[in-house]
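To start, the structure itself, in structure tokens.
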Amino acid sequence: MFPCVSCQGASVIHKNTMKYEFSQIEKKWQANWQKHNTFSTGNEPDKPKYYVLDMFPYPSGTGLHVGHLEGYTASDITARYKRSCGYNVLHPMGWDAFGLPAEQFAIKTGTHPKATTENNIRSFKETLQAMGFSYDWQREINTTDPAYFKWTQWIFLKLYERGLAYMSEVDVNWCEELKTVLANEEVEEKIAEGYTVIRRPLRQWVLKITAYADRLISDLDELEWPENVKQMQRNWIGRSEGVNIDFELRCHNQKLRVYTTRPDTLFGATYLVISPEHPLAEKLATAQQLVEVKNYIGQAKLKTELERTGLQKEKTGVFTGSYAINPATNEPLPVWISDFVLTSYGTGAIMSVPAHDSRDWEFAKQYSLPIIEVIKSPHDVQEKVFEDKDSTCINSSNGEITLEGLKFTEAFEQMAAWLERKRVGERKVNYKLRDWIFSRQRYWGEPIPIKHYEDGTLGTETNLPLVLPEVEAYHPSSTGESPLANIPDWLYGTDEHGSFRRETNTMPQWAGSCWYYLRFIDPDNSEKLIDPEKERYWMNVDLYIGGAEHAVLHLLYARFWHKVLFDIGVVSSKEPFKRLFNQGMILGEDNEKMSKSRGNVIPADHVLERYGADAVRLYEMFLGPLEQVKPWNTNGIEGISRFLSKVWRLIYPEHEGPAASLTLDAMPDELLRRMHKTIRKVGEDTENLKFNTAIAEMMVLVNELQKAGCRNRNAVETLLILLAPYAPHIAEELWEAIGHNASISSEHFPSYDPALVEDTVLTIAVQINGKLRGTFLAPAKSPKELLLGEAKKVESVLKFLEGQTIVREIVIPDKLVSFAVK
RNA sequence: GCCGAAGUGGCGGAACUGGUAGACGCCCAGGACUUAAAAUCCUGUGUUCAGCAAUGGACGUACGGGUUCGAUUCCCGUCUUCGGCACCA
């Protein structure tokens, strides 16, 4: 790919590189690494392993910008650092290449998505290689490669065999322009992009992620993930414990089942509400109310999801005319219909306790329904709702049960037990999480390997991979099926069971990314998804770096698949990603999110060409804490370029001439201590992903080496090894210049001398009433009395002690002396 | 509305476990080198007051309180920004 500069004579190199010419140096070393397979992961079972993974990209047509490089730089520094600490490191990269943009482009231009994808991958890969990332490119994977998606399809069939993939007539989010179904999670995004999304029933493949809801919550505890991501997943799954209660209906034989998490407030229930789609909605309407009810149901149907659930607005509803009986009070309760009750959650019906639920309170006020206080409230519940759980029950007794004076937990228990005893209720756990609608009406995705036989039964495609046929047009069929429905040759077939029609749906883009981290471990295995021995050695992923936008969906889906693979014995661990790190977004120079429309995008290739990979790598990390959102500032990168030039001049002091000869003379004590402090700080900070302060510390060392004109070999070599994970090209080049043949990447990270990282003489601060009044020098570990005595001799302190009485003396060894005076 | 994170110089940010706030870098100013410029190096750089000056004082980590000899750090309250959820009963 790059001309092999390293083949030229050494003298030529020196002549060319006396000045710091990053572009030559970077190309030279990238070619060198490639030629020698420097970063290919070997089979070294005796070494401890470290698996550091990036969230692999969708190779878009717009290329990479500086924001994309942040996480990749962080993971690369970690990979290089861990290698130098003696780990066998797996650091791979691949492409999440199925997806809508390539297909949209195909519809417009007729270009095969495969061609688009290949082009984009080539350009992405060039940029990543130009950054000097130490990926093991021999393990590169691509989700659109049949050899890869063979196993995506295989996993689907395993899900199907276990009853975790099923077909269901579901109300889906249908996007008319895209002629496809969208996941709930994708809806808002698409609406923001200007598409319209409506509700429409369709037969769809659905994955039973809800069967894993509890495990997806409880196993979060063992993960080293940012607390907010865990919390977001818990909220998304939305587990709640409550009770299903059956209400007798007056004048009907049927019962009405509601779900509530507040059975402790049953005595305060004054009406029931069912959703417009509830099967009893129309049946409960009395003759008098029928017209009004039918109208209301009709109107609700026309409303979009957004209109029904979006924002807070006035509640609407209609009385059915029917009554149910409150099992606790035996009072009749009117049954209402309202679209604020969700059909798809719980039983689609609720009991309303307006005194202690804000939504019920609002509705009660709207329609003048009674409000009864059953939890002792600090104010009048007719005026304002009281929702707190830490008060006690009142007005809650009948002949069989009393909750008087009980707090929430106890009242809940008592009521639930009583309802169960009376056989009118049972405890129930509910989740907000819904099963995952898994089919898309698209061409550019993994075909779902299912056959529909004429007799209505389903069969599985055993000859995997089931590849995509070539098509002439990428438009979806008008029936809402994918373009695959237009290819008879592919669509129809016969086998021993009879003739069949293939499933025309393809999988969503999430599918390929649900398990790619496994394939990197064993990318060429044609027999198995992954070799069990390799899996045991490499899993889990020790560090997974990526954007917070995947906090819920990708990470939840991947965890779900991983647990299924665990259950069928393909993997040995319950969780895929042990430690997760979300890098913060890099904003444009205007402090706004980078976007084409704002015109504030800083393309990666731009800055690479201008400043070089090493400078870009360092600057990306120097910008601030990795997890923080921060603006890019092109001015700031100049400072990094200066730093690299300073490092260069340590070895090439003038702009011409050969490398300076390094000395073996002893370093001045100050400098030696500085060096050991730097080793400690850079090591600790790199370990903790605090790259910004590690770089600052290296700058301090370089400044001091420069000021002292130090050419000590030990100091220079140490600096280069510390710097190598961050700025690998210049480190390699200078390492070679000072006489090493082997790559600096094979050097071991230095260790520091504990005796040299602590100062022997310290500056002690003197405070009076908490204000700094002076300092003095004292040997480390000086006794308190000595420090106290010295402090009282400091001239600037004496002034403030004069005429004052010392009421208290505080001495913090090695730190400060503090006087409280009056 | 609920949950989570955060607020420090002109700017990005640093500060161990409550112990000298502002490391490192950018910007800016002055100087050295140069015919000149670039590059490089040196010095200064939170605000404000006093002083010719060396220097010294006061204030200062979103805001208002509190605990403490001492608070960017701990506690209470308020405001703002960002991220997530949003009628899930």
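The way I read the labels, and the way they are meant: chains A, B, ... in the order of the structure tokens, residue 1 as the first residue of every chain, and ligand 1 as the first ligand shown, with later ones counted on from there.
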Q | Residue neighbourhood U80 in chain B, 12 Å, only C-alpha atoms (C1' of nucleotides), exclusion window fewer than 2 positions, as a ChimeraX atom specification | A | /B:6-7,62-63,78,82
Write out the residues from the selection above, keeping N, CA, C and O atoms (P, O5', C5', C4', C3', O3' and C1' of nucleotides), as a short mmCIF file (atom, residue, chain, number, x, y, z; two decimals), in the first residue's frame.
data_model
loop_
_atom_site.label_atom_id
_atom_site.label_comp_id
_atom_site.auth_asym_id
_atom_site.auth_seq_id
_atom_site.Cartn_x
_atom_site.Cartn_y
_atom_site.Cartn_z
P A B 6 -20.26 14.22 38.19
"O5'" A B 6 -20.31 15.67 37.50
"C5'" A B 6 -19.34 16.04 36.56
"C4'" A B 6 -19.79 17.24 35.79
"C3'" A B 6 -19.62 18.59 36.48
"O3'" A B 6 -18.29 19.04 36.46
"C1'" A B 6 -21.70 18.51 35.35
P G B 7 -17.82 20.21 37.50
"O5'" G B 7 -18.49 21.51 36.87
"C5'" G B 7 -17.83 22.26 35.88
"C4'" G B 7 -18.72 23.42 35.51
"C3'" G B 7 -18.45 24.69 36.31
"O3'" G B 7 -18.40 25.81 35.43
"C1'" G B 7 -20.74 24.10 36.47
P A B 62 -18.05 26.72 41.18
"O5'" A B 62 -18.98 27.96 40.86
"C5'" A B 62 -18.84 28.69 39.66
"C4'" A B 62 -20.13 29.42 39.36
"C3'" A B 62 -20.83 29.98 40.59
"O3'" A B 62 -20.32 31.27 40.92
"C1'" A B 62 -22.38 28.75 39.31
P C B 63 -20.18 31.69 42.48
"O5'" C B 63 -21.70 31.88 42.92
"C5'" C B 63 -22.46 32.97 42.40
"C4'" C B 63 -23.86 32.91 42.96
"C3'" C B 63 -23.94 32.82 44.48
"O3'" C B 63 -23.79 34.09 45.10
"C1'" C B 63 -25.38 31.22 43.53
P U B 78 -34.42 23.51 46.32
"O5'" U B 78 -33.80 24.82 45.64
"C5'" U B 78 -34.47 26.07 45.77
"C4'" U B 78 -33.68 27.15 45.09
"C3'" U B 78 -33.42 26.94 43.60
"O3'" U B 78 -34.52 27.27 42.79
"C1'" U B 78 -31.41 27.61 44.65
P C B 82 -28.58 22.68 26.98
"O5'" C B 82 -27.83 21.29 27.12
"C5'" C B 82 -26.56 21.07 26.49
"C4'" C B 82 -25.95 19.79 26.99
"C3'" C B 82 -26.82 18.54 26.83
"O3'" C B 82 -26.79 18.04 25.52
"C1'" C B 82 -25.89 18.57 29.00
#
query: So which residues touch Trp33 in chain A within 9 Å, counting only C-alpha atoms (C1' of nucleotides), skipping near sequence neighbours fewer than 5 positions away, as a PyMOL selection string?
result: chain A and resi 28+38-39+134+743
Sorted per-residue table, chain B near chain A, closest atoms and distance, 9 Å, only C-alpha atoms (C1' of nucleotides), as a Markdown table:
| residue | atom | partner | partner_atom | distance |
| --- | --- | --- | --- | --- |
| B:C3 | C1' | A:Gln231 | CA | 8.3 |
| B:G4 | C1' | A:Asn228 | CA | 5.8 |
| B:A5 | C1' | A:Asn228 | CA | 8.3 |
| B:G12 | C1' | A:Leu623 | CA | 6.2 |
| B:G13 | C1' | A:Gly624 | CA | 6.1 |
| B:A14 | C1' | A:Thr693 | CA | 7.7 |
| B:G19 | C1' | A:Leu816 | CA | 6.8 |
| B:U20 | C1' | A:Ala765 | CA | 5.6 |
| B:A23 | C1' | A:Ala696 | CA | 8.0 |
| B:C24 | C1' | A:Ala696 | CA | 4.5 |
| B:G25 | C1' | A:Gly639 | CA | 6.1 |
| B:C26 | C1' | A:Gly636 | CA | 5.0 |
| B:C27 | C1' | A:Asn635 | CA | 8.7 |
| B:C69 | C1' | A:Ala820 | CA | 5.0 |
| B:G70 | C1' | A:Gly770 | CA | 4.4 |
| B:C82 | C1' | A:Val629 | CA | 8.7 |
| B:G83 | C1' | A:Ala548 | CA | 8.9 |
| B:G84 | C1' | A:Met232 | CA | 6.9 |
| B:C85 | C1' | A:Asn235 | CA | 7.7 |
| B:A86 | C1' | A:Leu311 | CA | 7.7 |
| B:C87 | C1' | A:Phe340 | CA | 5.6 |
| B:C88 | C1' | A:Lys432 | CA | 5.6 |
| B:A89 | C1' | A:Thr260 | CA | 5.8 |
Can those selected residues be exported to a file as a compact mmCIF listing (two decimals), in the first residue's frame so that it contains N, CA and C atoms (P, O5', C5', C4', C3', O3' and C1' of nucleotides)?
# COMPACT_ATOMS: atom_id res chain seq x y z
P C B 3 -35.97 11.98 40.82
O5' C B 3 -35.00 11.14 39.88
C5' C B 3 -35.01 9.72 39.92
C4' C B 3 -34.11 9.17 38.84
C3' C B 3 -32.68 9.70 38.85
O3' C B 3 -31.88 9.08 39.82
C1' C B 3 -33.50 9.76 36.65
P G B 4 -30.67 9.94 40.52
O5' G B 4 -29.62 10.07 39.33
C5' G B 4 -28.92 8.92 38.88
C4' G B 4 -28.12 9.26 37.65
C3' G B 4 -27.07 10.34 37.79
O3' G B 4 -25.91 9.89 38.44
C1' G B 4 -28.25 10.68 35.79
P A B 5 -25.00 10.95 39.26
O5' A B 5 -24.28 11.76 38.09
C5' A B 5 -23.29 11.13 37.28
C4' A B 5 -22.85 12.07 36.20
C3' A B 5 -22.22 13.38 36.67
O3' A B 5 -20.87 13.23 37.05
C1' A B 5 -23.78 13.84 34.96
P G B 12 -13.69 26.77 28.08
O5' G B 12 -12.67 25.63 27.67
C5' G B 12 -12.82 24.98 26.41
C4' G B 12 -11.79 23.89 26.29
C3' G B 12 -11.69 22.95 27.48
O3' G B 12 -12.73 21.99 27.50
C1' G B 12 -9.53 23.58 26.80
P G B 13 -13.21 21.36 28.84
O5' G B 13 -11.94 20.51 29.28
C5' G B 13 -11.64 20.25 30.64
C4' G B 13 -10.14 20.13 30.76
C3' G B 13 -9.64 19.85 32.17
O3' G B 13 -9.48 18.46 32.33
C1' G B 13 -8.62 21.81 31.33
P A B 14 -9.62 17.82 33.74
O5' A B 14 -8.37 18.39 34.55
C5' A B 14 -7.08 17.90 34.24
C4' A B 14 -6.06 18.38 35.23
C3' A B 14 -6.31 18.04 36.69
O3' A B 14 -5.98 16.70 36.95
C1' A B 14 -5.49 20.23 36.50
P G B 19 -7.37 17.42 50.88
O5' G B 19 -6.39 18.63 51.19
C5' G B 19 -6.77 19.95 50.84
C4' G B 19 -5.76 20.92 51.38
C3' G B 19 -4.31 20.49 51.15
O3' G B 19 -3.54 21.67 51.01
C1' G B 19 -4.71 20.69 53.46
P U B 20 -3.23 22.21 49.51
O5' U B 20 -2.35 23.48 49.89
C5' U B 20 -2.88 24.51 50.73
C4' U B 20 -2.32 25.82 50.27
C3' U B 20 -2.59 26.14 48.80
O3' U B 20 -2.78 27.53 48.65
C1' U B 20 -0.26 26.06 49.16
P A B 23 -1.08 26.73 36.35
O5' A B 23 -0.07 25.52 36.16
C5' A B 23 0.66 25.02 37.27
C4' A B 23 0.84 23.52 37.14
C3' A B 23 1.22 23.03 35.75
O3' A B 23 2.61 23.13 35.53
C1' A B 23 -0.53 21.70 36.61
P C B 24 3.19 23.89 34.25
O5' C B 24 2.52 23.05 33.06
C5' C B 24 2.98 21.75 32.74
C4' C B 24 2.11 21.14 31.66
C3' C B 24 1.85 22.06 30.47
O3' C B 24 2.93 22.05 29.56
C1' C B 24 -0.18 21.14 31.17
P G B 25 3.33 23.37 28.78
O5' G B 25 2.07 23.58 27.83
C5' G B 25 1.90 22.72 26.72
C4' G B 25 0.53 22.92 26.12
C3' G B 25 0.22 24.29 25.55
O3' G B 25 0.86 24.52 24.31
C1' G B 25 -1.65 23.50 26.75
P C B 26 1.14 26.03 23.84
O5' C B 26 -0.32 26.56 23.48
C5' C B 26 -1.03 25.99 22.39
C4' C B 26 -2.40 26.61 22.30
C3' C B 26 -2.42 28.11 22.09
O3' C B 26 -2.17 28.44 20.73
C1' C B 26 -3.98 27.53 23.74
P C B 27 -1.28 29.73 20.40
O5' C B 27 -2.22 30.92 20.87
C5' C B 27 -3.48 31.12 20.24
C4' C B 27 -4.28 32.16 21.01
C3' C B 27 -3.56 33.49 21.21
O3' C B 27 -3.68 34.31 20.06
C1' C B 27 -4.50 32.80 23.26
P C B 69 -12.84 24.07 64.48
O5' C B 69 -11.78 24.91 63.64
C5' C B 69 -11.34 26.18 64.12
C4' C B 69 -10.20 26.67 63.28
C3' C B 69 -10.44 26.56 61.77
O3' C B 69 -11.17 27.66 61.29
C1' C B 69 -8.32 25.66 62.28
P G B 70 -12.34 27.44 60.28
O5' G B 70 -11.54 26.92 59.00
C5' G B 70 -10.72 27.83 58.27
C4' G B 70 -9.95 27.12 57.21
C3' G B 70 -10.79 26.35 56.20
O3' G B 70 -11.27 27.21 55.19
C1' G B 70 -8.99 24.99 56.93
P C B 82 -28.58 22.68 26.98
O5' C B 82 -27.83 21.29 27.12
C5' C B 82 -26.56 21.07 26.49
C4' C B 82 -25.95 19.79 26.99
C3' C B 82 -26.82 18.54 26.83
O3' C B 82 -26.79 18.04 25.52
C1' C B 82 -25.89 18.57 29.00
P G B 83 -28.07 17.30 24.93
O5' G B 83 -27.99 15.88 25.65
C5' G B 83 -26.92 15.00 25.34
C4' G B 83 -26.99 13.80 26.23
C3' G B 83 -28.33 13.07 26.26
O3' G B 83 -28.53 12.25 25.13
C1' G B 83 -27.56 13.34 28.46
P G B 84 -30.03 12.06 24.57
O5' G B 84 -30.67 11.10 25.66
C5' G B 84 -30.18 9.77 25.81
C4' G B 84 -30.80 9.14 27.03
C3' G B 84 -32.31 9.02 27.03
O3' G B 84 -32.77 7.94 26.25
C1' G B 84 -31.60 9.82 29.13
P C B 85 -34.15 8.07 25.48
O5' C B 85 -35.21 7.96 26.67
C5' C B 85 -35.31 6.76 27.42
C4' C B 85 -36.23 6.94 28.58
C3' C B 85 -37.63 7.42 28.25
O3' C B 85 -38.46 6.39 27.72
C1' C B 85 -36.83 8.63 30.08
P A B 86 -39.40 6.77 26.45
O5' A B 86 -40.48 7.71 27.11
C5' A B 86 -41.27 7.24 28.18
C4' A B 86 -41.76 8.41 28.98
C3' A B 86 -42.93 9.16 28.38
O3' A B 86 -44.10 8.40 28.59
C1' A B 86 -41.41 10.64 29.44
P C B 87 -45.44 8.78 27.86
O5' C B 87 -46.23 8.02 29.02
C5' C B 87 -45.77 8.19 30.35
C4' C B 87 -46.95 8.40 31.26
C3' C B 87 -47.80 7.16 31.40
O3' C B 87 -48.06 6.94 32.77
C1' C B 87 -49.13 9.04 30.82
P C B 88 -46.86 6.36 33.68
O5' C B 88 -46.67 4.88 33.14
C5' C B 88 -47.66 3.90 33.38
C4' C B 88 -47.04 2.53 33.34
C3' C B 88 -45.70 2.43 34.05
O3' C B 88 -45.62 1.19 34.69
C1' C B 88 -45.43 1.87 31.77
P A B 89 -45.29 1.20 36.23
O5' A B 89 -46.61 1.74 36.92
C5' A B 89 -47.65 0.90 37.18
C4' A B 89 -48.83 1.69 37.67
C3' A B 89 -50.10 0.83 37.78
O3' A B 89 -50.20 0.19 39.04
C1' A B 89 -50.55 2.74 36.48
Check: Which polymer residues have any atom within 8 Å of an atom of Lys784 in chain A, counting only C-alpha atoms (C1' of nucleotides), with same-chain residues fewer than 2 positions away left out, as a PyMOL selection string?
Finding: chain A and resi 782+786-788+811-813
According to DSSP computed on the backbone, where in range 786-815 of chain A is there strand (DSSP E or B)? Give the residues as a ChimeraX atom specification.
/A:806-812
Write the selection just made, keeping N, CA and C atoms, as a PDB file, in the first residue's frame?
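Below is the file out-v9.pdb, written as the result:
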ATOM      1  N   ILE A 806      -2.415  32.276  70.027  1.00  0.00           N
ATOM      2  CA  ILE A 806      -2.641  31.035  69.288  1.00  0.00           C
ATOM      3  C   ILE A 806      -3.537  30.143  70.131  1.00  0.00           C
ATOM      4  N   VAL A 807      -4.704  29.832  69.598  1.00  0.00           N
ATOM      5  CA  VAL A 807      -5.623  28.981  70.376  1.00  0.00           C
ATOM      6  C   VAL A 807      -5.516  27.526  69.962  1.00  0.00           C
ATOM      7  N   ARG A 808      -4.966  27.290  68.774  1.00  0.00           N
ATOM      8  CA  ARG A 808      -4.862  25.909  68.326  1.00  0.00           C
ATOM      9  C   ARG A 808      -3.757  25.786  67.290  1.00  0.00           C
ATOM     10  N   GLU A 809      -3.031  24.688  67.347  1.00  0.00           N
ATOM     11  CA  GLU A 809      -1.971  24.442  66.381  1.00  0.00           C
ATOM     12  C   GLU A 809      -2.233  23.087  65.706  1.00  0.00           C
ATOM     13  N   ILE A 810      -2.290  23.103  64.404  1.00  0.00           N
ATOM     14  CA  ILE A 810      -2.536  21.848  63.673  1.00  0.00           C
ATOM     15  C   ILE A 810      -1.345  21.583  62.758  1.00  0.00           C
ATOM     16  N   VAL A 811      -0.810  20.379  62.828  1.00  0.00           N
ATOM     17  CA  VAL A 811       0.306  20.034  61.957  1.00  0.00           C
ATOM     18  C   VAL A 811      -0.058  18.808  61.135  1.00  0.00           C
ATOM     19  N   ILE A 812      -0.033  18.949  59.840  1.00  0.00           N
ATOM     20  CA  ILE A 812      -0.220  17.796  58.944  1.00  0.00           C
ATOM     21  C   ILE A 812       1.162  17.482  58.378  1.00  0.00           C
TER      22      ILE A 812
END
Considering only C-alpha atoms (C1' of nucleotides), return as an MDAnalysis selection string whatever protein or nucleic-acid residues lie within 10 Å of G18 in chain B, sequence-local ones (same chain, fewer than 3 positions apart) excluded.
-> chainID B and resid 68 70:71 73:74
### Message
I'd like to know which residues of range 217-273 of chain A are helix (DSSP H, G or I) (by DSSP, run on the backbone); could you write them as a PyMOL selection string?
### Response
chain A and resi 217-222+227-237+263-268
Would you save the residues of that selection, restricted to N, CA and C atoms, as a JSON list (two decimals), in the first residue's frame?
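Generated file (part34.json):
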[["chain", "number", "residue", "atom", "x", "y", "z"],
["A", 217, "ILE", "N", -31.33, -7.59, 33.85],
["A", 217, "ILE", "CA", -31.22, -6.63, 34.96],
["A", 217, "ILE", "C", -30.19, -7.11, 35.98],
["A", 218, "SER", "N", -30.34, -8.34, 36.44],
["A", 218, "SER", "CA", -29.52, -8.75, 37.59],
["A", 218, "SER", "C", -28.05, -8.89, 37.23],
["A", 219, "ASP", "N", -27.74, -9.30, 36.00],
["A", 219, "ASP", "CA", -26.33, -9.48, 35.66],
["A", 219, "ASP", "C", -25.59, -8.16, 35.43],
["A", 220, "LEU", "N", -26.34, -7.07, 35.42],
["A", 220, "LEU", "CA", -25.68, -5.77, 35.30],
["A", 220, "LEU", "C", -24.77, -5.52, 36.50],
["A", 221, "ASP", "N", -25.15, -6.11, 37.63],
["A", 221, "ASP", "CA", -24.42, -5.84, 38.87],
["A", 221, "ASP", "C", -22.95, -6.20, 38.79],
["A", 222, "GLU", "N", -22.63, -7.23, 38.01],
["A", 222, "GLU", "CA", -21.24, -7.68, 37.99],
["A", 222, "GLU", "C", -20.38, -6.95, 36.95],
["A", 227, "GLU", "N", -22.15, 3.88, 35.72],
["A", 227, "GLU", "CA", -23.37, 3.68, 36.48],
["A", 227, "GLU", "C", -24.60, 4.18, 35.72],
["A", 228, "ASN", "N", -24.42, 5.27, 34.98],
["A", 228, "ASN", "CA", -25.59, 5.81, 34.27],
["A", 228, "ASN", "C", -26.06, 4.88, 33.15],
["A", 229, "VAL", "N", -25.14, 4.16, 32.52],
["A", 229, "VAL", "CA", -25.53, 3.22, 31.47],
["A", 229, "VAL", "C", -26.31, 2.06, 32.09],
["A", 230, "LYS", "N", -25.82, 1.55, 33.20],
["A", 230, "LYS", "CA", -26.56, 0.47, 33.87],
["A", 230, "LYS", "C", -27.96, 0.95, 34.23],
["A", 231, "GLN", "N", -28.03, 2.18, 34.75],
["A", 231, "GLN", "CA", -29.31, 2.72, 35.17],
["A", 231, "GLN", "C", -30.25, 2.86, 33.98],
["A", 232, "MET", "N", -29.70, 3.31, 32.85],
["A", 232, "MET", "CA", -30.52, 3.47, 31.66],
["A", 232, "MET", "C", -31.08, 2.12, 31.21],
["A", 233, "GLN", "N", -30.24, 1.09, 31.31],
["A", 233, "GLN", "CA", -30.73, -0.24, 30.92],
["A", 233, "GLN", "C", -31.82, -0.72, 31.88],
["A", 234, "ARG", "N", -31.61, -0.49, 33.16],
["A", 234, "ARG", "CA", -32.63, -0.90, 34.13],
["A", 234, "ARG", "C", -33.94, -0.17, 33.84],
["A", 235, "ASN", "N", -33.85, 1.13, 33.58],
["A", 235, "ASN", "CA", -35.07, 1.90, 33.30],
["A", 235, "ASN", "C", -35.74, 1.42, 32.02],
["A", 236, "TRP", "N", -34.91, 1.09, 31.06],
["A", 236, "TRP", "CA", -35.45, 0.65, 29.78],
["A", 236, "TRP", "C", -36.22, -0.66, 29.95],
["A", 237, "ILE", "N", -35.66, -1.56, 30.70],
["A", 237, "ILE", "CA", -36.33, -2.84, 30.95],
["A", 237, "ILE", "C", -37.55, -2.59, 31.84],
["A", 263, "PRO", "N", -51.50, -1.76, 45.19],
["A", 263, "PRO", "CA", -52.68, -2.40, 45.80],
["A", 263, "PRO", "C", -52.98, -1.83, 47.18],
["A", 264, "ASP", "N", -51.99, -1.20, 47.79],
["A", 264, "ASP", "CA", -52.21, -0.59, 49.10],
["A", 264, "ASP", "C", -53.23, 0.54, 49.06],
["A", 265, "THR", "N", -53.54, 1.01, 47.82],
["A", 265, "THR", "CA", -54.49, 2.13, 47.72],
["A", 265, "THR", "C", -55.85, 1.68, 47.19],
["A", 266, "LEU", "N", -56.09, 0.38, 47.20],
["A", 266, "LEU", "CA", -57.32, -0.15, 46.59],
["A", 266, "LEU", "C", -58.58, 0.50, 47.19],
["A", 267, "PHE", "N", -58.54, 0.79, 48.49],
["A", 267, "PHE", "CA", -59.71, 1.41, 49.12],
["A", 267, "PHE", "C", -60.01, 2.79, 48.55],
["A", 268, "GLY", "N", -59.01, 3.35, 47.90],
["A", 268, "GLY", "CA", -59.19, 4.70, 47.34],
["A", 268, "GLY", "C", -59.51, 4.70, 45.86]]
Taking 5 positions as the minimum chain separation for residues in the same chain, which residues sit within 8 Å of Arg680 in chain A when counting only C-alpha atoms (C1' of nucleotides)? Answer as a PDB file with N, CA and C atoms, in the first residue's frame.
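Dumped to out.pdb:
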ATOM      1  N   SER A 751       9.578   0.464  34.899  1.00  0.00           N
ATOM      2  CA  SER A 751       9.021   0.582  36.245  1.00  0.00           C
ATOM      3  C   SER A 751       9.788   1.674  36.986  1.00  0.00           C
ATOM      4  N   TYR A 752       9.143   2.238  37.977  1.00  0.00           N
ATOM      5  CA  TYR A 752       9.764   3.359  38.686  1.00  0.00           C
ATOM      6  C   TYR A 752      10.342   2.884  40.010  1.00  0.00           C
ATOM      7  N   VAL A 757      10.365   8.538  43.769  1.00  0.00           N
ATOM      8  CA  VAL A 757       9.186   9.304  43.392  1.00  0.00           C
ATOM      9  C   VAL A 757       8.726  10.230  44.520  1.00  0.00           C
TER      10      VAL A 757
END
